[in-house]
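Structure file run.txt; described as compact mmCIF, C-alpha atoms and all ligand atoms.
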# COMPACT_ATOMS: atom_id res chain seq x y z
CA MET A 1 78.47 124.84 101.83
CA SER A 2 79.21 123.51 98.35
CA ALA A 3 82.94 123.22 97.84
CA LYS A 4 84.83 124.60 94.88
CA ILE A 5 86.24 121.64 92.96
CA ILE A 6 89.94 122.27 92.41
CA ASP A 7 90.64 121.52 88.76
CA GLY A 8 94.01 119.72 88.68
CA GLU A 9 93.91 119.41 84.89
CA ALA A 10 93.61 123.19 84.47
CA VAL A 11 96.54 123.83 86.85
CA ALA A 12 98.58 121.14 85.09
CA GLU A 13 97.89 122.80 81.74
CA GLN A 14 99.19 126.14 83.04
CA ILE A 15 102.36 124.45 84.33
CA ARG A 16 102.82 122.64 80.99
CA GLN A 17 102.50 125.92 79.10
CA GLN A 18 105.18 127.49 81.32
CA VAL A 19 107.41 124.43 80.80
CA ALA A 20 106.88 124.62 77.01
CA ARG A 21 108.01 128.28 77.04
CA GLU A 22 111.14 127.33 79.00
CA VAL A 23 111.89 124.43 76.63
CA HIS A 24 111.62 126.88 73.75
CA GLN A 25 114.15 129.23 75.37
CA LEU A 26 116.55 126.39 76.22
CA VAL A 27 116.40 124.99 72.69
CA ALA A 28 116.99 128.50 71.29
CA SER A 29 120.19 128.63 73.36
CA GLY A 30 121.31 125.22 72.05
CA ILE A 31 120.23 123.06 75.02
CA LYS A 32 117.81 120.19 74.39
CA PRO A 33 115.97 118.93 77.51
CA SER A 34 115.60 115.16 77.57
CA LEU A 35 114.18 112.64 80.02
CA ALA A 36 115.35 109.01 80.16
CA ALA A 37 112.96 106.50 81.72
CA VAL A 38 114.53 103.22 82.78
CA GLN A 39 112.23 100.22 82.97
CA VAL A 40 113.25 96.70 83.93
CA GLY A 41 111.01 93.99 82.45
CA GLU A 42 107.55 94.43 80.97
CA ASN A 43 104.85 95.56 83.38
CA PRO A 44 101.34 96.67 82.32
CA ALA A 45 101.14 99.32 85.08
CA SER A 46 104.55 100.69 84.11
CA LYS A 47 103.49 100.80 80.46
CA ILE A 48 100.55 103.06 81.30
CA TYR A 49 102.93 105.44 83.11
CA THR A 50 105.61 105.42 80.43
CA ASN A 51 103.01 106.10 77.70
CA MET A 52 101.68 108.98 79.78
CA GLN A 53 105.19 110.36 80.37
CA ALA A 54 106.05 110.07 76.67
CA LYS A 55 102.92 112.00 75.66
CA ALA A 56 103.45 114.66 78.36
CA CYS A 57 107.07 115.18 77.29
CA GLU A 58 106.20 115.29 73.61
CA ALA A 59 103.52 117.93 74.24
CA VAL A 60 106.04 120.37 75.74
CA GLY A 61 109.01 119.54 73.50
CA ILE A 62 111.06 117.46 75.95
CA GLU A 63 112.77 114.49 74.31
CA TYR A 64 111.68 111.22 75.95
CA LYS A 65 113.81 108.11 75.81
CA LEU A 66 112.45 104.83 77.17
CA ILE A 67 115.16 102.31 78.03
CA THR A 68 113.70 98.84 78.61
CA LEU A 69 116.04 96.28 80.17
CA PRO A 70 115.27 92.54 80.43
CA GLU A 71 113.39 91.18 83.48
CA THR A 72 116.56 89.25 84.43
CA THR A 73 118.75 92.40 84.66
CA SER A 74 121.00 92.25 87.74
CA GLN A 75 121.54 95.07 90.22
CA GLU A 76 125.06 95.64 88.81
CA GLU A 77 123.80 95.81 85.21
CA LEU A 78 121.12 98.32 86.17
CA LEU A 79 123.65 100.42 88.08
CA GLU A 80 125.91 100.39 85.01
CA GLU A 81 123.04 101.75 82.90
CA ILE A 82 122.30 104.46 85.46
CA ASN A 83 125.97 105.37 85.53
CA ARG A 84 126.04 105.63 81.74
CA LEU A 85 123.01 107.96 81.81
CA ASN A 86 124.53 110.00 84.65
CA HIS A 87 127.48 110.76 82.38
CA SER A 88 125.56 111.22 79.13
CA ASP A 89 125.62 114.76 77.73
CA THR A 90 122.36 114.17 75.88
CA ILE A 91 120.26 113.14 78.93
CA SER A 92 119.16 115.82 81.40
CA GLY A 93 116.85 113.79 83.67
CA ILE A 94 116.46 110.15 84.73
CA ILE A 95 113.39 108.39 86.07
CA LEU A 96 113.40 104.83 87.37
CA GLN A 97 110.09 103.07 86.64
CA MET A 98 108.47 101.09 89.45
CA PRO A 99 107.89 98.31 90.20
CA LEU A 100 111.28 96.66 89.73
CA PRO A 101 111.90 92.89 89.76
CA GLN A 102 112.70 91.27 93.12
CA GLN A 103 116.46 90.97 92.52
CA ILE A 104 116.75 94.80 92.39
CA ASP A 105 117.09 97.00 95.47
CA ALA A 106 115.06 99.96 94.16
CA ARG A 107 116.12 102.40 96.86
CA ALA A 108 119.82 101.63 96.34
CA VAL A 109 119.53 102.20 92.57
CA GLN A 110 117.56 105.42 93.02
CA MET A 111 120.35 106.75 95.25
CA GLU A 112 122.83 106.22 92.39
CA ILE A 113 120.99 108.61 90.07
CA SER A 114 122.98 111.84 89.93
CA PRO A 115 121.26 114.50 92.12
CA LYS A 116 121.56 116.80 89.09
CA LYS A 117 119.41 114.40 87.01
CA ASP A 118 117.06 113.34 89.81
CA VAL A 119 113.75 114.47 88.25
CA GLU A 120 111.79 112.74 91.02
CA GLY A 121 113.58 114.80 93.66
CA VAL A 122 114.16 111.80 95.92
CA HIS A 123 117.97 111.74 96.18
CA PRO A 124 119.06 112.46 99.80
CA GLN A 125 120.97 115.51 98.54
CA ASN A 126 117.78 116.98 97.06
CA MET A 127 115.67 115.88 100.05
CA GLY A 128 118.23 117.53 102.36
CA LYS A 129 117.84 120.79 100.47
CA LEU A 130 114.14 120.78 101.39
CA PHE A 131 115.34 121.44 104.94
CA TYR A 132 118.34 123.64 104.24
CA GLY A 133 116.97 125.56 101.24
CA GLY A 134 118.62 126.22 97.88
CA GLY A 135 117.16 123.17 96.16
CA THR A 136 116.05 123.12 92.53
CA VAL A 137 113.92 119.95 92.55
CA ALA A 138 111.60 118.30 95.09
CA PRO A 139 109.44 115.16 94.97
CA CYS A 140 106.72 115.71 92.35
CA THR A 141 103.59 114.92 94.38
CA PRO A 142 104.52 117.18 97.34
CA MET A 143 105.32 119.96 94.83
CA ALA A 144 101.90 119.41 93.24
CA VAL A 145 100.11 119.50 96.60
CA VAL A 146 101.82 122.70 97.70
CA GLU A 147 101.16 124.35 94.33
CA LEU A 148 97.44 123.49 94.55
CA ILE A 149 97.25 124.81 98.12
CA LYS A 150 99.04 128.06 97.26
CA ARG A 151 96.78 128.70 94.30
CA THR A 152 93.67 127.94 96.37
CA CYS A 153 94.85 130.03 99.34
CA ASN A 154 95.64 133.09 97.23
CA ASN A 155 92.20 134.47 97.89
CA GLN A 156 92.31 133.46 101.54
CA GLY A 157 95.22 135.38 103.02
CA GLY A 158 98.09 133.02 102.21
CA LEU A 159 99.48 130.21 104.33
CA ALA A 160 101.12 131.99 107.26
CA GLY A 161 99.95 130.55 110.57
CA LYS A 162 97.25 128.35 109.02
CA GLU A 163 96.52 124.99 110.67
CA VAL A 164 97.61 122.32 108.17
CA VAL A 165 97.07 118.65 108.95
CA ILE A 166 98.72 115.99 106.80
CA VAL A 167 97.47 112.40 107.10
CA GLY A 168 100.25 110.08 105.92
CA HIS A 169 103.98 110.38 106.66
CA SER A 170 105.69 108.53 103.80
CA GLU A 171 109.08 109.64 102.44
CA ILE A 172 107.63 110.52 99.04
CA VAL A 173 104.45 112.33 100.12
CA GLY A 174 103.73 113.34 103.74
CA LYS A 175 107.21 114.13 105.08
CA PRO A 176 108.38 116.24 102.09
CA ILE A 177 105.06 118.15 102.08
CA ALA A 178 105.69 119.09 105.72
CA ALA A 179 109.28 120.11 104.91
CA ILE A 180 108.23 122.32 101.97
CA LEU A 181 105.43 123.98 103.96
CA LEU A 182 107.86 124.82 106.78
CA GLN A 183 110.47 126.44 104.51
CA SER A 184 109.48 130.04 105.15
CA PRO A 185 111.21 131.44 108.26
CA ASP A 186 108.32 133.72 109.16
CA ALA A 187 105.27 132.85 107.03
CA SER A 188 104.87 129.09 107.36
CA PRO A 189 101.67 127.36 108.43
CA THR A 190 101.51 125.25 111.61
CA VAL A 191 101.91 121.68 110.37
CA THR A 192 100.68 118.50 112.09
CA VAL A 193 101.58 115.14 110.56
CA CYS A 194 99.30 112.18 111.37
CA HIS A 195 99.92 108.53 110.53
CA ILE A 196 98.92 104.97 111.31
CA ALA A 197 99.87 105.31 115.00
CA THR A 198 98.04 108.62 115.54
CA ARG A 199 95.75 108.08 118.54
CA ASP A 200 92.80 110.32 117.69
CA LEU A 201 92.82 111.12 113.96
CA THR A 202 89.48 112.96 114.06
CA PHE A 203 90.74 115.34 116.79
CA HIS A 204 93.47 116.49 114.41
CA THR A 205 91.53 116.52 111.12
CA ARG A 206 88.70 118.58 112.63
CA ARG A 207 91.17 121.35 113.49
CA ALA A 208 92.58 121.52 109.96
CA GLU A 209 92.02 124.63 107.90
CA ILE A 210 93.94 122.75 105.22
CA LEU A 211 93.66 118.96 105.25
CA ILE A 212 95.99 116.85 103.11
CA VAL A 213 95.28 113.13 102.99
CA ALA A 214 97.61 110.48 101.54
CA THR A 215 97.18 106.99 102.98
CA GLY A 216 95.76 104.66 100.30
CA VAL A 217 94.23 102.70 103.14
CA SER A 218 91.22 101.34 101.16
CA GLN A 219 93.45 99.92 98.44
CA ALA A 220 95.75 98.37 101.05
CA ARG A 221 92.73 96.62 102.62
CA TRP A 222 91.53 95.40 99.21
CA LEU A 223 94.98 94.01 98.34
CA ARG A 224 95.19 92.25 101.73
CA TYR A 225 91.73 90.73 101.13
CA LYS A 226 92.80 89.48 97.67
CA GLN A 227 95.96 87.91 99.12
CA MET A 228 93.93 86.06 101.77
CA LYS A 229 91.53 84.78 99.09
CA LYS A 230 94.49 83.61 97.02
CA ALA A 231 95.85 81.77 100.03
CA GLY A 232 92.57 79.84 100.23
CA GLU A 233 91.16 81.76 103.22
CA ASN A 234 87.58 83.03 103.30
CA PRO A 235 87.78 86.57 104.73
CA PRO A 236 84.68 88.78 105.16
CA PRO A 237 84.43 91.69 102.67
CA PRO A 238 86.87 94.41 103.75
CA ASP A 239 85.70 97.85 104.89
CA LEU A 240 86.59 99.96 101.85
CA SER A 241 84.74 103.08 103.00
CA PRO A 242 86.76 106.31 102.83
CA LEU A 243 89.09 106.97 105.78
CA ILE A 244 88.04 110.63 106.00
CA LYS A 245 84.31 111.08 106.56
CA ALA A 246 82.54 114.43 106.35
CA ASP A 247 82.27 114.78 110.13
CA MET A 248 86.09 114.68 110.35
CA ILE A 249 86.37 117.87 108.27
CA LYS A 250 86.24 121.42 109.62
CA ASP A 251 83.65 123.70 108.01
CA GLY A 252 85.29 125.67 105.20
CA ALA A 253 88.50 123.61 105.10
CA ILE A 254 90.60 123.18 101.96
CA VAL A 255 90.88 119.42 101.34
CA ILE A 256 93.63 117.92 99.20
CA ASP A 257 93.08 114.22 98.57
CA VAL A 258 96.32 112.68 97.29
CA ALA A 259 95.31 109.03 97.47
CA ILE A 260 94.58 106.83 94.48
CA ASN A 261 92.64 103.75 95.58
CA ARG A 262 91.73 101.24 92.86
CA ILE A 263 89.01 99.24 94.59
CA PRO A 264 85.78 97.34 93.74
CA LYS A 265 82.56 99.32 93.47
CA GLY A 266 80.98 97.09 96.10
CA PHE A 267 80.20 93.58 97.31
CA ASP A 268 77.07 91.48 96.64
CA GLU A 269 74.87 89.71 99.20
CA ASN A 270 77.26 86.72 99.18
CA GLY A 271 80.17 88.96 100.13
CA GLU A 272 81.74 88.73 96.66
CA PRO A 273 82.92 91.78 94.67
CA ILE A 274 80.27 92.98 92.20
CA LYS A 275 81.14 92.11 88.59
CA ASN A 276 80.46 94.10 85.43
CA GLU A 277 78.88 92.80 82.22
CA ASN A 278 82.23 91.32 81.08
CA GLY A 279 82.39 89.15 84.20
CA LYS A 280 85.29 91.20 85.60
CA ILE A 281 85.22 92.88 89.01
CA ALA A 282 83.67 96.35 88.63
CA MET A 283 86.41 98.70 89.82
CA GLN A 284 86.51 102.39 90.68
CA THR A 285 89.25 104.93 91.42
CA VAL A 286 88.67 106.92 94.60
CA GLY A 287 90.66 108.92 97.12
CA ASP A 288 90.82 108.70 100.92
CA VAL A 289 88.06 111.29 101.42
CA ASP A 290 84.30 110.75 101.18
CA PHE A 291 84.16 113.20 98.27
CA GLN A 292 80.39 113.84 97.90
CA ALA A 293 79.82 114.35 101.63
CA ALA A 294 83.03 116.37 102.02
CA CYS A 295 81.81 118.81 99.33
CA GLU A 296 79.15 119.92 101.82
CA LYS A 297 81.77 120.80 104.47
CA ALA A 298 84.88 121.96 102.62
CA SER A 299 85.38 125.32 100.87
CA ALA A 300 87.56 123.67 98.20
CA ILE A 301 88.49 120.08 97.43
CA THR A 302 90.50 118.09 94.90
CA PRO A 303 88.67 115.30 93.07
CA VAL A 304 90.14 111.82 92.50
CA PRO A 305 90.95 111.38 89.69
CA GLY A 306 91.61 114.84 88.25
CA GLY A 307 93.12 116.64 91.25
CA VAL A 308 96.67 116.02 92.46
CA GLY A 309 97.50 113.37 89.80
CA PRO A 310 97.72 115.57 86.67
CA VAL A 311 99.67 118.25 88.56
CA THR A 312 102.17 115.59 89.74
CA THR A 313 102.85 114.64 86.11
CA ALA A 314 103.28 118.30 85.18
CA MET A 315 105.77 118.69 88.05
CA LEU A 316 107.88 115.89 86.55
CA LEU A 317 108.23 118.10 83.46
CA ALA A 318 109.05 121.16 85.60
CA ASN A 319 111.72 119.13 87.43
CA THR A 320 113.16 117.98 84.08
CA ILE A 321 113.61 121.62 83.11
CA ALA A 322 115.19 122.41 86.49
CA CYS A 323 117.61 119.47 86.00
CA THR A 324 118.39 120.57 82.43
CA LYS A 325 119.34 124.04 83.68
CA GLU A 326 121.36 122.56 86.56
CA SER A 327 123.28 120.19 84.23
CA SER A 328 123.93 122.93 81.68
CA ARG A 329 125.65 125.01 84.41
CA LYS A 330 128.28 122.24 84.99
P1 LIG B 401 102.57 104.68 101.96
O1 LIG B 401 101.92 103.35 102.06
O2 LIG B 401 104.04 104.78 101.80
O3 LIG B 401 102.19 105.52 103.25
C1 LIG B 401 100.88 105.48 103.78
C2 LIG B 401 100.80 106.45 104.94
O4 LIG B 401 99.47 106.42 105.44
C3 LIG B 401 101.72 106.09 106.12
O5 LIG B 401 102.25 107.28 106.65
C4 LIG B 401 100.78 105.45 107.12
O6 LIG B 401 101.23 105.62 108.48
C5 LIG B 401 99.49 106.23 106.85
N1 LIG B 401 98.28 105.49 107.24
C6 LIG B 401 97.90 104.25 106.83
N2 LIG B 401 96.73 103.92 107.42
C7 LIG B 401 96.37 104.97 108.18
C8 LIG B 401 95.27 105.23 109.03
N3 LIG B 401 94.31 104.32 109.22
N4 LIG B 401 95.21 106.41 109.67
C9 LIG B 401 96.18 107.34 109.51
N5 LIG B 401 97.25 107.15 108.71
C10 LIG B 401 97.34 105.97 108.07
O7 LIG B 401 101.80 105.43 100.80
P2 LIG B 401 102.29 106.66 99.85
O8 LIG B 401 103.25 106.16 98.85
O9 LIG B 401 102.61 107.83 100.68
O10 LIG B 401 100.92 106.93 99.06
C11 LIG B 401 99.75 107.32 99.78
C12 LIG B 401 98.61 107.44 98.80
O11 LIG B 401 98.88 108.49 97.88
C13 LIG B 401 98.36 106.19 97.94
O12 LIG B 401 96.98 106.07 97.70
C14 LIG B 401 99.07 106.51 96.64
O13 LIG B 401 98.48 105.85 95.53
C15 LIG B 401 98.81 107.99 96.55
N6 LIG B 401 99.80 108.71 95.74
C16 LIG B 401 99.32 109.54 94.79
C17 LIG B 401 100.18 110.27 94.00
C18 LIG B 401 99.63 111.21 92.97
O14 LIG B 401 100.33 111.66 92.10
N7 LIG B 401 98.35 111.58 93.06
C19 LIG B 401 101.57 110.11 94.14
C20 LIG B 401 102.05 109.29 95.17
C21 LIG B 401 101.14 108.58 95.97
Let's see the structure in the file written out as structure tokens.
Ligand code: NAD
Amino acid sequence: MSAKIIDGEAVAEQIRQQVAREVHQLVASGIKPSLAAVQVGENPASKIYTNMQAKACEAVGIEYKLITLPETTSQEELLEEINRLNHSDTISGIILQMPLPQQIDARAVQMEISPKKDVEGVHPQNMGKLFYGGGTVAPCTPMAVVELIKRTCNNQGGLAGKEVVIVGHSEIVGKPIAAILLQSPDASPTVTVCHIATRDLTFHTRRAEILIVATGVSQARWLRYKQMKKAGENPPPPDLSPLIKADMIKDGAIVIDVAINRIPKGFDENGEPIKNENGKIAMQTVGDVDFQAACEKASAITPVPGGVGPVTTAMLLANTIACTKESSRK
């Protein structure tokens, strides 16, 4: 079998077009959607994200406001800023950029963002609505995953009763995906959630008609290796091979690879990471799934990059619109 490659960029573009139409309607009725991103200190990784967010917002007509606070900002000062944005009539959504400096309790600050302006869908009130129904926003990556599955399943009889296995049970990815998939009272799939303590991962993944993987295990191993090196230890090269091998995938499965692992391309005969012509470590971005081999087993699969990632960014825009409508109701 040669799997269909699920084109996340194409899906993201369709979502962006829908968002742009809704922005147009809102603006015509006198409401201007706007997203405020709060960043504390200067961080190169954050800068990449904020640039991406700014461009994405601009493309659909959402106003984007980046608020950069000094690295030394205290918890109280950051909470004051959040409070100001919560009460601002000109801001419809708020996103807190990670990482935050050590003196800030990120979770505590995130909880202070008004649920009505919570474009990341992580406030307990919005998370709770994933269970009880009636929510308007949900965490962006789970929304993206479910959207990709629904679109892929359209030709395959929908989701009712399907065996779905999720590998990874974090609050922002695995758990909300399970909650969203179980929302239908009579047409939900059967959902299994695996994690680090799962005894026989292969037993579960081989049963999956839809396999969703979100662990980032290769990157975690690489970061641990780097830390040991920094501490003066001499560890052997880490095993950075993909967690999900082809023989762990059921024939014809739909595979959604959420992970983003930034890892070296390989190690040389001395056990050192291979360098490129600039003398820097040659890096690559890969998922948790052995993509090439999995293409021979799966019926459809998301690539990394280019699968879940672009749809996640598009969902941030969709959530901004949902928040704008929610705030305008008052
Ligand atoms: P996390 O570290 O919070 O959670 C990792 C999960 O993987 C945990 O549930 C853990 O139990 C499980 N796990 C770890 N090792 C395992 C193993 N050997 N076997 C089975 N399960 C194992 O990570 P997260 O924030 O949920 O992110 C997971 C991955 O998804 C990362 O690679 C991250 O970069 C990526 N991600 C991508 C997007 C996107 O938009 N594409 C968004 C969020 C996260």
Distance in Å - atom CA of A:Tyr64 versus atom CA of A:Val304
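According to the coordinates, atom CA of A:Tyr64 and atom CA of A:Val304 are separated by 27.2 Å.
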Polymer residues at most 7 Å from stretch 250-252 of chain A, all atoms listed in the file, same-chain spacing of 2 or more positions, as a count of residues only:
9
Which residues sit within 6 Å of ligand LIG 401 (chain B), counting all atoms listed in the file, listed as a list in words?
Thr141, Val167, Gly168, His169, Ser170, Ile172, Val173, His195, Ile196, Ala214, Thr215, Gly216, Val217, Val258, Ala259, Ile260, Asn261, Val308, Gly309 and Thr312 of chain A
List the neighbours of stretch 128-136 of chain A out to 10 Å using only C-alpha atoms; skip same-chain residues closer than 4 positions along the sequence, and give me the result as a PyMOL selection string.
chain A and resi 116+119+121-124+176-184+319+321-323+325-326
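The nearest approach to A:Met127 among the residues A:Asp105, A:Ala37, A:Lys175, A:Ile95, with only C-alpha atoms taken into account, belongs to A:Lys175.
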For stretch 39-53 of chain A, list every protein, DNA or RNA residue within 9 Å, evaluated using all atoms listed in the file, and leave out those in the same chain fewer than 4 positions away; present the list as an MDAnalysis selection string.
chainID A and resid 57:58 64 66:73 78 95:101 313 316:317
Considering all atoms listed in the file, state which residue in the set A:Pro115, A:Gly232, A:Pro189, A:Pro33 is at the smallest distance from A:Ile210.
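Answer, going by the shortest atom-to-atom distance: A:Pro189.
Interatomic distance, atom CA of A:Ala294 against atom CA of A:Ile249: 7.2 Å.
Every residue within 8 Å of the file position (94.3, 122.6, 105.1), judged by only C-alpha atoms, is given as Ile149, Lys162, Glu163, Val164, Val165, Ala208, Glu209, Ile210, Leu211, Ile212, Ala253, Ile254, Val255 and Ile256 of chain A.
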Go ahead and compute the interatomic distance for atom CA of A:Ser34 and atom CA of A:Asn126, in Å to one decimal.
19.7 Å
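Nearest residue to A:Pro235, choosing from A:Glu272, A:Asp288, A:Asp247, A:Asp200 and counting all atoms listed in the file: A:Glu272.
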Using only C-alpha atoms, find the one residue out of A:Thr202, A:Gln25, A:Thr324, A:Asn86 that sits nearest to A:Met111.
A:Asn86
In terms of all atoms listed in the file, the residue from A:Ser327, A:Asn234, A:Thr205, A:Thr320 at minimal distance from A:Gly271 is A:Asn234
Nearest to A:Gln292: which of A:Leu148, A:Ile244, A:Ala220, A:Ala10 is it, counting only C-alpha atoms?
A:Ile244
Do a neighbour search on A:Asp268 at 10 Å with all atoms listed in the file, toss out local chain neighbours closer than 6 positions, and write the hits as an MDAnalysis selection string.
chainID A and resid 237 274:275
